[in-house]
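File shown: input25.cif. Contents: mmCIF, C-alpha atoms and all ligand atoms.
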```cif
data_query
loop_
_atom_site.label_atom_id
_atom_site.label_comp_id
_atom_site.auth_asym_id
_atom_site.auth_seq_id
_atom_site.Cartn_x
_atom_site.Cartn_y
_atom_site.Cartn_z
CA LYS A 55 126.23 59.09 135.47
CA ALA A 56 129.67 59.52 133.95
CA PRO A 57 132.33 61.39 135.93
CA ILE A 58 133.56 64.77 134.70
CA LEU A 59 135.99 65.62 137.51
CA GLU A 60 137.44 62.97 139.80
CA ILE A 61 139.35 64.22 142.82
CA LYS A 62 141.45 61.45 144.35
CA ASP A 63 143.35 61.41 147.66
CA PHE A 64 143.85 65.15 147.45
CA ASN A 65 146.01 66.94 150.05
CA VAL A 66 146.89 70.59 150.54
CA ASP A 67 149.28 72.09 153.11
CA TYR A 68 150.00 75.69 153.92
CA GLY A 69 153.73 76.19 154.36
CA LEU A 70 156.55 73.70 154.24
CA GLY A 71 158.27 71.47 156.79
CA GLU A 72 157.62 71.81 160.49
CA GLN A 73 155.74 75.05 160.14
CA SER A 74 153.19 73.59 157.75
CA VAL A 75 149.54 72.92 158.50
CA GLN A 76 147.33 70.42 156.70
CA ALA A 77 144.27 72.21 155.31
CA VAL A 78 142.85 69.52 153.00
CA ARG A 79 143.21 65.85 153.91
CA ASP A 80 142.69 62.77 151.72
CA VAL A 81 139.77 64.20 149.80
CA THR A 82 138.21 61.86 147.26
CA LEU A 83 135.18 63.30 145.53
CA THR A 84 133.62 62.91 142.09
CA LEU A 85 131.60 65.47 140.17
CA HIS A 86 129.37 63.82 137.55
CA ARG A 87 128.29 65.18 134.20
CA GLY A 88 125.37 67.55 134.42
CA GLU A 89 125.04 67.49 138.20
CA VAL A 90 125.07 70.21 140.83
CA LEU A 91 127.27 69.10 143.72
CA GLY A 92 127.19 71.21 146.87
CA LEU A 93 130.09 71.51 149.29
CA ALA A 94 129.28 72.77 152.77
CA GLY A 95 131.05 73.10 156.10
CA GLU A 96 131.90 75.74 158.68
CA SER A 97 134.44 78.47 158.12
CA GLY A 98 137.98 77.09 157.94
CA SER A 99 136.93 73.56 156.98
CA GLY A 100 138.96 73.78 153.76
CA LYS A 101 136.31 74.40 151.09
CA SER A 102 138.12 77.22 149.29
CA THR A 103 141.48 75.51 149.68
CA LEU A 104 140.06 72.45 147.94
CA ALA A 105 138.51 74.51 145.11
CA TYR A 106 141.70 76.47 144.45
CA GLY A 107 143.82 73.36 144.81
CA ILE A 108 141.98 71.35 142.18
CA THR A 109 142.23 74.23 139.67
CA ARG A 110 145.85 74.85 140.73
CA LEU A 111 145.10 78.40 141.71
CA LEU A 112 146.32 78.10 145.28
CA PRO A 113 148.11 81.23 146.44
CA PRO A 114 151.37 80.68 148.33
CA PRO A 115 152.12 79.33 150.87
CA GLY A 116 149.58 76.73 149.69
CA VAL A 117 151.18 73.51 148.47
CA ILE A 118 149.46 70.51 146.88
CA SER A 119 151.10 67.67 148.75
CA GLY A 120 149.40 64.78 147.00
CA GLY A 121 146.57 63.45 144.93
CA SER A 122 145.19 63.75 141.45
CA VAL A 123 142.31 65.47 139.69
CA ILE A 124 141.22 63.51 136.66
CA TYR A 125 139.26 65.53 134.12
CA HIS A 126 137.11 63.64 131.61
CA PRO A 127 136.51 65.83 128.55
CA PRO A 128 133.44 64.52 126.72
CA GLY A 129 134.48 62.23 123.90
CA GLU A 130 138.20 62.53 124.66
CA ASP A 131 140.73 60.77 126.85
CA PRO A 132 140.79 61.76 130.52
CA TYR A 133 143.84 63.53 131.92
CA ASP A 134 145.25 64.64 135.27
CA VAL A 135 144.96 68.39 135.87
CA MET A 136 147.93 68.13 138.23
CA ALA A 137 150.14 67.11 135.29
CA LEU A 138 149.22 70.00 132.96
CA SER A 139 151.80 72.55 131.82
CA ASN A 140 151.13 76.19 132.64
CA ALA A 141 149.95 76.89 129.10
CA GLU A 142 147.57 73.92 129.17
CA LEU A 143 146.33 75.04 132.56
CA ARG A 144 145.41 78.50 131.35
CA LYS A 145 143.27 76.95 128.67
CA PHE A 146 141.76 74.42 131.05
CA ARG A 147 140.77 77.11 133.49
CA TRP A 148 138.20 79.06 131.55
CA ALA A 149 137.39 76.77 128.68
CA GLU A 150 136.96 73.50 130.61
CA THR A 151 136.51 74.47 134.25
CA SER A 152 135.78 78.03 135.24
CA ILE A 153 135.89 79.23 138.81
CA VAL A 154 134.19 82.16 140.48
CA PHE A 155 136.12 83.17 143.56
CA GLN A 156 134.77 83.72 147.03
CA GLY A 157 133.12 87.15 147.18
CA ALA A 158 133.79 87.73 143.48
CA MET A 159 130.46 89.38 142.83
CA ASN A 160 132.02 92.71 143.61
CA SER A 161 135.14 92.14 141.56
CA LEU A 162 134.06 93.37 138.13
CA ASN A 163 136.45 96.01 136.90
CA PRO A 164 134.72 99.36 137.58
CA VAL A 165 136.38 101.22 134.71
CA HIS A 166 135.33 98.88 131.88
CA LYS A 167 131.94 98.26 130.34
CA VAL A 168 130.56 94.81 131.13
CA SER A 169 130.51 93.88 127.44
CA THR A 170 134.21 94.85 127.16
CA GLN A 171 135.11 92.65 130.12
CA MET A 172 133.36 89.72 128.57
CA LEU A 173 134.97 90.36 125.20
CA ASP A 174 138.39 90.37 126.88
CA VAL A 175 137.78 86.89 128.25
CA ILE A 176 136.75 85.61 124.83
CA ARG A 177 139.67 87.28 123.06
CA ALA A 178 142.21 85.85 125.50
CA HIS A 179 140.99 82.29 125.01
CA GLU A 180 139.67 82.18 121.48
CA PRO A 181 141.89 84.61 119.59
CA GLN A 182 140.96 82.98 116.30
CA LEU A 183 137.40 84.33 116.51
CA SER A 184 136.61 87.42 114.46
CA ALA A 185 135.61 90.61 116.23
CA GLU A 186 132.02 90.17 115.07
CA ALA A 187 131.88 86.60 116.28
CA ARG A 188 133.25 87.66 119.68
CA LEU A 189 130.69 90.41 119.99
CA ALA A 190 127.89 88.09 118.98
CA ARG A 191 129.04 85.54 121.58
CA ALA A 192 129.24 88.15 124.35
CA HIS A 193 125.82 89.53 123.57
CA GLU A 194 124.27 86.11 123.33
CA MET A 195 125.65 85.15 126.73
CA LEU A 196 124.60 88.40 128.38
CA LYS A 197 121.12 87.93 126.97
CA LEU A 198 121.04 84.38 128.24
CA VAL A 199 121.71 85.53 131.81
CA GLY A 200 119.08 88.23 131.48
CA ILE A 201 121.02 91.39 130.64
CA SER A 202 119.05 93.20 127.93
CA SER A 203 120.92 94.63 124.95
CA ASP A 204 120.52 98.22 126.15
CA ARG A 205 122.49 97.39 129.34
CA MET A 206 125.43 95.62 127.74
CA ASP A 207 127.43 98.77 127.41
CA ALA A 208 126.80 99.79 131.01
CA TYR A 209 129.59 100.11 133.56
CA PRO A 210 129.33 97.85 136.61
CA HIS A 211 128.24 100.69 138.92
CA GLN A 212 125.31 101.40 136.61
CA LEU A 213 123.91 97.93 137.21
CA SER A 214 122.01 96.61 140.22
CA GLY A 215 123.65 94.01 142.46
CA GLY A 216 121.47 91.32 140.91
CA MET A 217 122.54 92.29 137.39
CA ARG A 218 126.23 92.30 138.33
CA GLN A 219 125.80 88.77 139.62
CA ARG A 220 124.27 87.73 136.34
CA VAL A 221 127.18 89.27 134.47
CA MET A 222 129.60 87.25 136.63
CA ILE A 223 127.68 84.05 135.86
CA GLY A 224 127.82 84.97 132.17
CA MET A 225 131.58 85.49 132.39
CA ALA A 226 132.00 82.07 133.96
CA LEU A 227 129.91 80.45 131.21
CA VAL A 228 130.95 82.38 128.13
CA LEU A 229 133.54 79.85 126.95
CA GLU A 230 131.03 77.06 127.52
CA PRO A 231 133.02 75.20 130.17
CA GLN A 232 132.02 71.70 131.24
CA VAL A 233 132.45 72.57 134.90
CA VAL A 234 131.67 75.73 136.85
CA ILE A 235 132.99 76.09 140.38
CA MET A 236 131.34 78.79 142.48
CA ASP A 237 132.98 79.46 145.81
CA GLU A 238 130.56 81.40 147.98
CA PRO A 239 129.94 83.93 145.20
CA THR A 240 128.47 86.55 147.51
CA THR A 241 129.39 87.32 151.09
CA ALA A 242 128.43 84.53 153.42
CA LEU A 243 125.65 86.59 154.94
CA ASP A 244 124.02 87.22 151.61
CA VAL A 245 121.89 84.11 151.51
CA VAL A 246 119.15 85.67 149.42
CA MET A 247 121.61 86.59 146.66
CA GLN A 248 123.24 83.17 146.74
CA ARG A 249 119.84 81.61 146.36
CA GLN A 250 119.17 83.62 143.21
CA ILE A 251 122.53 82.69 141.73
CA LEU A 252 122.11 79.00 142.41
CA ALA A 253 118.56 79.04 141.05
CA GLN A 254 119.77 80.67 137.88
CA LEU A 255 122.67 78.26 137.47
CA VAL A 256 120.32 75.32 137.82
CA GLU A 257 118.09 76.79 135.13
CA LEU A 258 120.97 77.51 132.73
CA ARG A 259 122.36 74.06 133.28
CA GLU A 260 119.21 72.60 131.75
CA ARG A 261 120.01 74.46 128.56
CA LEU A 262 123.82 74.48 128.43
CA ASP A 263 124.53 71.14 130.10
CA PHE A 264 127.43 71.86 132.43
CA SER A 265 128.26 70.60 135.93
CA VAL A 266 128.44 72.78 139.02
CA LEU A 267 130.44 72.59 142.23
CA PHE A 268 128.76 75.12 144.51
CA ILE A 269 130.46 76.01 147.79
CA THR A 270 128.54 77.65 150.59
CA HIS A 271 128.08 77.84 154.35
CA ASP A 272 124.41 77.44 153.76
CA LEU A 273 123.27 73.87 153.74
CA SER A 274 119.62 74.82 153.28
CA LEU A 275 120.44 76.24 149.84
CA LEU A 276 122.10 73.00 148.83
CA VAL A 277 119.26 70.87 150.11
CA GLU A 278 116.96 72.84 147.86
CA PHE A 279 119.04 73.09 144.68
CA SER A 280 121.82 70.55 144.49
CA ASP A 281 121.70 66.92 143.42
CA ARG A 282 124.30 65.75 145.92
CA ILE A 283 126.03 67.26 148.93
CA ALA A 284 129.47 66.73 150.42
CA ILE A 285 130.14 67.93 153.97
CA MET A 286 133.63 69.02 155.02
CA TYR A 287 135.07 69.15 158.51
CA GLY A 288 138.68 69.83 159.49
CA GLY A 289 139.90 69.42 155.90
CA ARG A 290 138.15 66.10 155.26
CA ILE A 291 134.93 65.06 153.61
CA VAL A 292 132.89 63.51 156.41
CA GLU A 293 129.70 62.71 154.52
CA GLU A 294 128.52 62.54 150.95
CA ALA A 295 124.96 61.78 149.86
CA LYS A 296 122.12 62.71 147.58
CA SER A 297 120.57 65.92 148.89
CA ALA A 298 117.25 64.35 149.78
CA ASP A 299 118.94 61.48 151.64
CA LEU A 300 121.17 63.83 153.59
CA TYR A 301 118.21 65.95 154.56
CA LYS A 302 115.97 63.05 155.57
CA ASP A 303 118.56 60.87 157.19
CA SER A 304 122.06 62.24 157.69
CA LEU A 305 124.56 59.71 158.97
CA HIS A 306 127.36 61.89 160.37
CA PRO A 307 126.75 63.66 163.70
CA TYR A 308 128.31 66.83 162.25
CA SER A 309 125.90 66.86 159.30
CA GLU A 310 123.08 66.36 161.75
CA GLY A 311 124.26 69.38 163.72
CA LEU A 312 124.55 71.50 160.59
CA LEU A 313 121.05 70.55 159.51
CA LYS A 314 119.72 71.59 162.90
CA SER A 315 121.45 74.95 162.54
CA PHE A 316 119.65 76.06 159.37
CA PRO A 317 119.85 79.79 159.33
CA ALA A 318 116.47 81.46 159.11
CA LEU A 319 115.86 82.92 155.64
CA ARG A 320 114.60 86.07 157.29
CA GLY A 321 115.53 87.50 160.64
CA PRO A 322 118.84 87.23 162.46
CA ARG A 323 121.12 84.29 161.79
CA LYS A 324 121.23 81.74 164.54
CA GLU A 325 124.39 80.38 166.04
CA LEU A 326 125.13 76.81 165.01
CA ALA A 327 122.60 75.71 167.59
CA GLY A 328 123.05 72.03 166.85
CA ILE A 329 126.79 72.05 167.44
CA PRO A 330 128.39 73.37 170.62
CA GLY A 331 132.06 74.36 170.53
CA SER A 332 134.05 75.75 167.62
CA PRO A 333 135.76 74.34 164.53
CA PRO A 334 139.24 72.86 165.07
CA ASP A 335 142.45 74.82 164.75
CA LEU A 336 144.76 73.40 162.07
CA ARG A 337 147.72 73.77 164.43
CA GLY A 338 146.11 71.50 166.97
CA MET A 339 143.86 69.14 165.07
CA PRO A 340 142.19 66.72 167.51
CA SER A 341 143.43 63.14 167.30
CA GLY A 342 141.26 60.47 165.68
CA CYS A 343 137.98 61.90 164.43
CA ALA A 344 138.57 65.68 164.38
CA PHE A 345 134.96 66.17 165.41
CA HIS A 346 135.23 64.14 168.61
CA PRO A 347 135.56 67.06 171.08
CA ARG A 348 132.20 68.39 169.84
CA CYS A 349 130.43 65.14 169.09
CA PRO A 350 127.56 64.09 171.39
CA HIS A 351 128.12 60.44 170.45
CA ALA A 352 131.92 60.22 170.81
CA PHE A 353 133.35 57.06 172.39
CA ASP A 354 136.86 55.62 172.94
CA ARG A 355 137.74 54.74 169.40
CA CYS A 356 136.86 58.25 168.16
CA SER A 357 139.87 59.93 169.77
CA THR A 358 142.42 57.36 168.61
CA GLU A 359 141.56 56.35 165.03
CA ILE A 360 140.69 58.55 162.07
CA PRO A 361 137.46 57.27 160.49
CA VAL A 362 137.72 56.68 156.74
CA LEU A 363 135.05 57.83 154.30
CA GLY A 364 133.21 54.88 152.83
CA VAL A 365 129.91 53.16 152.16
CA PRO A 366 128.55 52.13 155.58
CA GLU A 367 128.09 48.41 156.12
CA ALA A 368 124.50 48.85 157.26
CA ARG A 369 123.43 50.58 154.03
CA ASN A 370 124.09 48.86 150.81
CA ASP A 371 123.97 52.11 148.84
CA PRO A 372 127.01 53.32 146.87
CA ASN A 373 125.57 56.85 146.86
CA ARG A 374 125.98 57.18 150.60
CA GLN A 375 129.36 57.71 152.19
CA VAL A 376 130.25 58.65 155.74
CA ALA A 377 133.33 58.80 157.93
CA CYS A 378 132.24 57.83 161.43
CA TRP A 379 132.88 55.01 163.91
CA LEU A 380 129.33 54.69 165.16
CA PRO A 381 127.90 51.18 164.82
CA GLY A 382 126.28 50.68 161.42
CA ARG A 383 128.24 53.54 159.87
CA VAL A 384 131.63 51.87 159.70
CA PRO A 385 132.43 51.30 156.03
CA VAL A 386 132.56 47.88 154.46
CA ALA A 387 136.19 46.81 154.27
P1 LIG A 401 135.29 79.95 154.69
O1 LIG A 401 133.95 79.29 154.83
O2 LIG A 401 135.56 80.90 155.79
O3 LIG A 401 135.55 80.49 153.34
P2 LIG A 401 136.85 77.63 154.00
O4 LIG A 401 136.13 76.36 154.31
O5 LIG A 401 136.84 78.11 152.60
O6 LIG A 401 136.33 78.76 154.98
P3 LIG A 401 139.70 77.77 153.76
O7 LIG A 401 139.75 79.19 153.38
O8 LIG A 401 139.94 76.76 152.70
O9 LIG A 401 138.34 77.42 154.49
O10 LIG A 401 140.74 77.55 154.92
C1 LIG A 401 141.06 76.25 155.43
C2 LIG A 401 142.10 76.39 156.50
O11 LIG A 401 143.33 76.80 155.90
C3 LIG A 401 141.77 77.42 157.56
O12 LIG A 401 142.13 76.90 158.82
C4 LIG A 401 142.62 78.59 157.22
O13 LIG A 401 143.02 79.27 158.38
C5 LIG A 401 143.84 77.93 156.56
N1 LIG A 401 144.43 78.85 155.58
C6 LIG A 401 143.82 79.41 154.52
N2 LIG A 401 144.67 80.20 153.83
C7 LIG A 401 145.86 80.12 154.47
C8 LIG A 401 147.15 80.70 154.26
N3 LIG A 401 147.38 81.51 153.25
N4 LIG A 401 148.11 80.40 155.15
C9 LIG A 401 147.88 79.56 156.19
N5 LIG A 401 146.70 78.98 156.44
C10 LIG A 401 145.70 79.26 155.61
FE1 LIG A 402 131.31 61.36 166.57
FE2 LIG A 402 133.01 59.34 166.81
FE3 LIG A 402 131.49 59.52 164.65
FE4 LIG A 402 133.50 61.22 165.03
S1 LIG A 402 133.67 59.02 164.73
S2 LIG A 402 131.46 61.72 164.38
S3 LIG A 402 133.43 61.49 167.24
S4 LIG A 402 130.81 59.21 166.75
MG MG A 403 136.18 79.77 151.69
#
```
Now, as a test, write the supplied structure out as structure tokens.
Amino acid sequence: KAPILEIKDFNVDYGLGEQSVQAVRDVTLTLHRGEVLGLAGESGSGKSTLAYGITRLLPPPGVISGGSVIYHPPGEDPYDVMALSNAELRKFRWAETSIVFQGAMNSLNPVHKVSTQMLDVIRAHEPQLSAEARLARAHEMLKLVGISSDRMDAYPHQLSGGMRQRVMIGMALVLEPQVVIMDEPTTALDVVMQRQILAQLVELRERLDFSVLFITHDLSLLVEFSDRIAIMYGGRIVEEAKSADLYKDSLHPYSEGLLKSFPALRGPRKELAGIPGSPPDLRGMPSGCAFHPRCPHAFDRCSTEIPVLGVPEARNDPNRQVACWLPGRVPVA
């Protein structure tokens, strides 16, 4: 499949100079046209920082300290998002790649009708459209996400939680972007809601043909709905694979631990049973493989050398990448 968004050697720091911490490290990751790519990892692993970095929406003191994000518009020449002017960026953000922020499901403006909020987005980005055309577009999109015409003029508080979610999805899709990034769209605990959102995105994708980067704590959701999964730990991607391969046969000990810690769909959430210890602190990142203090397989090399993400020598499969020093997982040079 052709790439739509190619993240290369991407780095983000918080703060400058000696006080700075490195939140995203050497991330190289490609989103392909039409695919759903899931990004998972414990709290603090850098998922949101990566998402806001690649769309250049990082709040200060976040600083992009290196890397590129090559966007491939269908039928046009690719360009680096990092090199766009502010005006170009504004256009890029809704019309090419839209992003739904962490917890955004509750962020609709309470004092405006949902149709008005959607119209505002269209007006800001496609001012050349006539008022009728804008209205038609808003209504069409709301209908597509399952909001019936008699609810379009409702205020957010008059809609159920599920309907507000669908409005948010509609807002993200209304300018027909090529890429939709959803960063944990509901609270992390709200797995049932996230499941509905992801299911609906997958269904709409069949019709509208966009790509999705879906960020969540919940690996079980991704196993079910995404085409591929990338796992983050301590600011780095530690494994990347097709969902089915990751589920059947994960190669990184951290992925293995995450898979063993599937939260129950009903009942209380378990601790990360598969992984003792807690995620690393950016101010004192462990040497070598950042996972080594928690890894049941750690050996000498793990605490001295950072493993690079690559196709392991023992598997001749370009769709599988892992960053680990265990025998058979070391990448081909
Ligand atoms: P969560 O699952 O909780 O949303 P995440 O994977 O999205 O976590 P980030 O929010 O990207 O993680 O945070 C990555 C790291 O960057 C964390 O260690 C966090 O403490 C740090 N960080 C985030 N924002 C800032 C900030 N404004 N200043 C300093 N450090 C920050
Ligand atoms: Fe564990 Fe070492 Fe592999 Fe890191 S490199 S995951 S510490 S075995
Ligand atoms: Mg986050």
Using all atoms listed in the file, what table do you get, as JSON lines, when you list each residue of chain A with an atom no more than 6 Å from ligand LIG 401 (chain A), its nearest pair of atoms, and their distance in Å rounded to one decimal, rows by chain then rising number?
```
{"residue": "A:Tyr68", "atom": "CA", "partner": "A:LIG401", "partner_atom": "C9", "distance": 5.0}
{"residue": "A:Ala77", "atom": "CA", "partner": "A:LIG401", "partner_atom": "O11", "distance": 4.7}
{"residue": "A:Glu96", "atom": "CA", "partner": "A:LIG401", "partner_atom": "O1", "distance": 5.6}
{"residue": "A:Ser97", "atom": "CA", "partner": "A:LIG401", "partner_atom": "O1", "distance": 3.4}
{"residue": "A:Gly98", "atom": "CA", "partner": "A:LIG401", "partner_atom": "O9", "distance": 3.5}
{"residue": "A:Ser99", "atom": "CA", "partner": "A:LIG401", "partner_atom": "O4", "distance": 4.0}
{"residue": "A:Gly100", "atom": "CA", "partner": "A:LIG401", "partner_atom": "O8", "distance": 3.3}
{"residue": "A:Lys101", "atom": "CA", "partner": "A:LIG401", "partner_atom": "O4", "distance": 3.8}
{"residue": "A:Ser102", "atom": "CA", "partner": "A:LIG401", "partner_atom": "O5", "distance": 3.7}
{"residue": "A:Thr103", "atom": "CA", "partner": "A:LIG401", "partner_atom": "O8", "distance": 3.6}
{"residue": "A:Pro115", "atom": "CA", "partner": "A:LIG401", "partner_atom": "N3", "distance": 5.7}
{"residue": "A:Leu336", "atom": "CA", "partner": "A:LIG401", "partner_atom": "O12", "distance": 5.5}
```
For this session: Mind giving me the straight-line distance from CA of Lys55 in chain A to CA of Ala295 in chain A in Å, one decimal?
Result: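 Distance reported for this atom pair: 14.7 Å.
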For this session: Tell me which of A:Pro164, A:Pro307, A:Pro334, A:Gly382 sits closest to ligand LIG 402 (chain A), counting all atoms listed in the file.
Result: A:Pro307
Exercise. Hey, which of A:Gln232, A:Gln212, A:Thr84, A:Asn163 ends up closest to Ala149 in chain A? Count all atoms listed in the file.
Worked result: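 Nearest candidate to Ala149 in chain A out of A:Gln232, A:Gln212, A:Thr84, A:Asn163: A:Gln232.
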Which residues of chain A have any atom within 8 Å of an atom in ligand LIG 402 (chain A) when counting all atoms listed in the file, and what is the closest pair of atoms for each, with the distance in Å to one decimal? Order the rows by chain and rising number and write it as a Markdown table.
```
| residue | atom | partner | partner_atom | distance |
| --- | --- | --- | --- | --- |
| A:His306 | CA | A:LIG402 | S2 | 5.7 |
| A:Pro307 | CA | A:LIG402 | S2 | 5.1 |
| A:Tyr308 | CA | A:LIG402 | S2 | 6.4 |
| A:Gly342 | CA | A:LIG402 | S1 | 7.8 |
| A:Cys343 | CA | A:LIG402 | FE4 | 4.6 |
| A:Ala344 | CA | A:LIG402 | FE4 | 6.8 |
| A:Phe345 | CA | A:LIG402 | FE4 | 5.2 |
| A:His346 | CA | A:LIG402 | S3 | 3.5 |
| A:Pro347 | CA | A:LIG402 | S3 | 7.1 |
| A:Arg348 | CA | A:LIG402 | S3 | 7.5 |
| A:Cys349 | CA | A:LIG402 | FE1 | 4.6 |
| A:Pro350 | CA | A:LIG402 | FE1 | 6.7 |
| A:His351 | CA | A:LIG402 | S4 | 4.7 |
| A:Ala352 | CA | A:LIG402 | S3 | 4.1 |
| A:Phe353 | CA | A:LIG402 | FE2 | 6.0 |
| A:Arg355 | CA | A:LIG402 | FE2 | 7.1 |
| A:Cys356 | CA | A:LIG402 | FE2 | 4.2 |
| A:Ser357 | CA | A:LIG402 | S3 | 7.1 |
| A:Ile360 | CA | A:LIG402 | S1 | 7.5 |
| A:Pro361 | CA | A:LIG402 | S1 | 6.0 |
| A:Ala377 | CA | A:LIG402 | S1 | 6.8 |
| A:Cys378 | CA | A:LIG402 | FE3 | 3.7 |
| A:Trp379 | CA | A:LIG402 | S1 | 4.2 |
| A:Leu380 | CA | A:LIG402 | S4 | 5.0 |
```
Seminar exercise, completed: Between A:Ile269, A:Ile61, A:Leu213, A:Val175, smallest distance to ligand MG 403 (chain A) by all atoms listed in the file belongs to A:Ile269
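Note that CA of Val256 in chain A and CA of Ala190 in chain A are 24.0 Å apart.
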For this session: Mind checking which residues fall within 9 Å of Thr82 in chain A, counting only C-alpha atoms, ignoring those fewer than 3 positions away in the same chain, and posting them as a PyMOL selection string?
Result: chain A and resi 60-64+121+291+363
Problem set entry | Closest of A:Gln254, A:Gln182, A:Ser139, A:Ser309 to Leu198 in chain A - atom-to-atom distances counting only C-alpha atoms |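 The answer is A:Gln254, which sits nearest to Leu198 in chain A.
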For this session: Find the residues near Glu180 in chain A: any atom within 10 Å, counting only C-alpha atoms, skip ones fewer than 6 places away on the same chain, and give them as a list in words.
Result: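 After dropping sequence-adjacent residues, the list is Lys145, Ala149, Asp174, Arg188 and Leu229 of chain A.
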Go ahead and fit an axis-aligned box to every listed atom of range 96-109 of chain A plus 6 Å each side, and pass me the centre and edge lengths in Å, one decimal, as JSON.
```
{"center_x": 137.9, "center_y": 74.9, "center_z": 149.2, "size_x": 23.9, "size_y": 19.1, "size_z": 31.0}
```
For this session: Pick out the residues sitting within 6 Å of Val292 in chain A, and hand them over as a list in words; count all atoms listed in the file, and ignore anything fewer than 2 positions along from it in its own chain.
Result: Ile285, Met286, Arg290, Val376 and Ala377 of chain A
For this session: Check the smallest atom-to-atom distance from each of A:Val233, A:Ile251, A:Leu162, A:Met136 to Ser119 in chain A using all atoms listed in the file, then report the winner.
Result: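 When distances to Ser119 in chain A are compared using all atoms listed in the file, the smallest one comes from A:Met136.
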Can I get range 140-152 of chain A with N, CA and C atoms filled in, as a short mmCIF file (atom, residue, chain, number, x, y, z; two decimals), in the frame of the given file?
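Done, and the output landed in result-v3.cif:
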```
data_model
loop_
_atom_site.label_atom_id
_atom_site.label_comp_id
_atom_site.auth_asym_id
_atom_site.auth_seq_id
_atom_site.Cartn_x
_atom_site.Cartn_y
_atom_site.Cartn_z
N ASN A 140 151.79 74.92 132.35
CA ASN A 140 151.13 76.19 132.64
C ASN A 140 150.26 76.67 131.49
N ALA A 141 150.73 76.46 130.26
CA ALA A 141 149.95 76.89 129.10
C ALA A 141 148.65 76.08 128.99
N GLU A 142 148.77 74.77 129.22
CA GLU A 142 147.57 73.92 129.17
C GLU A 142 146.58 74.30 130.28
N LEU A 143 147.17 74.66 131.43
CA LEU A 143 146.33 75.04 132.56
C LEU A 143 145.51 76.28 132.28
N ARG A 144 146.13 77.26 131.66
CA ARG A 144 145.41 78.50 131.35
C ARG A 144 144.19 78.21 130.48
N LYS A 145 144.37 77.32 129.55
CA LYS A 145 143.27 76.95 128.67
C LYS A 145 142.20 76.19 129.45
N PHE A 146 142.68 75.24 130.25
CA PHE A 146 141.76 74.42 131.05
C PHE A 146 140.88 75.31 131.92
N ARG A 147 141.48 76.34 132.49
CA ARG A 147 140.77 77.11 133.49
C ARG A 147 139.53 77.83 133.02
N TRP A 148 139.49 78.45 131.91
CA TRP A 148 138.20 79.06 131.55
C TRP A 148 137.40 78.14 130.64
N ALA A 149 138.09 77.48 129.74
CA ALA A 149 137.39 76.77 128.68
C ALA A 149 136.83 75.43 129.15
N GLU A 150 137.45 74.80 130.15
CA GLU A 150 136.96 73.50 130.61
C GLU A 150 136.32 73.62 131.99
N THR A 151 137.00 74.31 132.88
CA THR A 151 136.51 74.47 134.25
C THR A 151 136.71 75.92 134.65
N SER A 152 135.61 76.65 134.81
CA SER A 152 135.78 78.03 135.24
C SER A 152 135.45 78.13 136.72
#
```
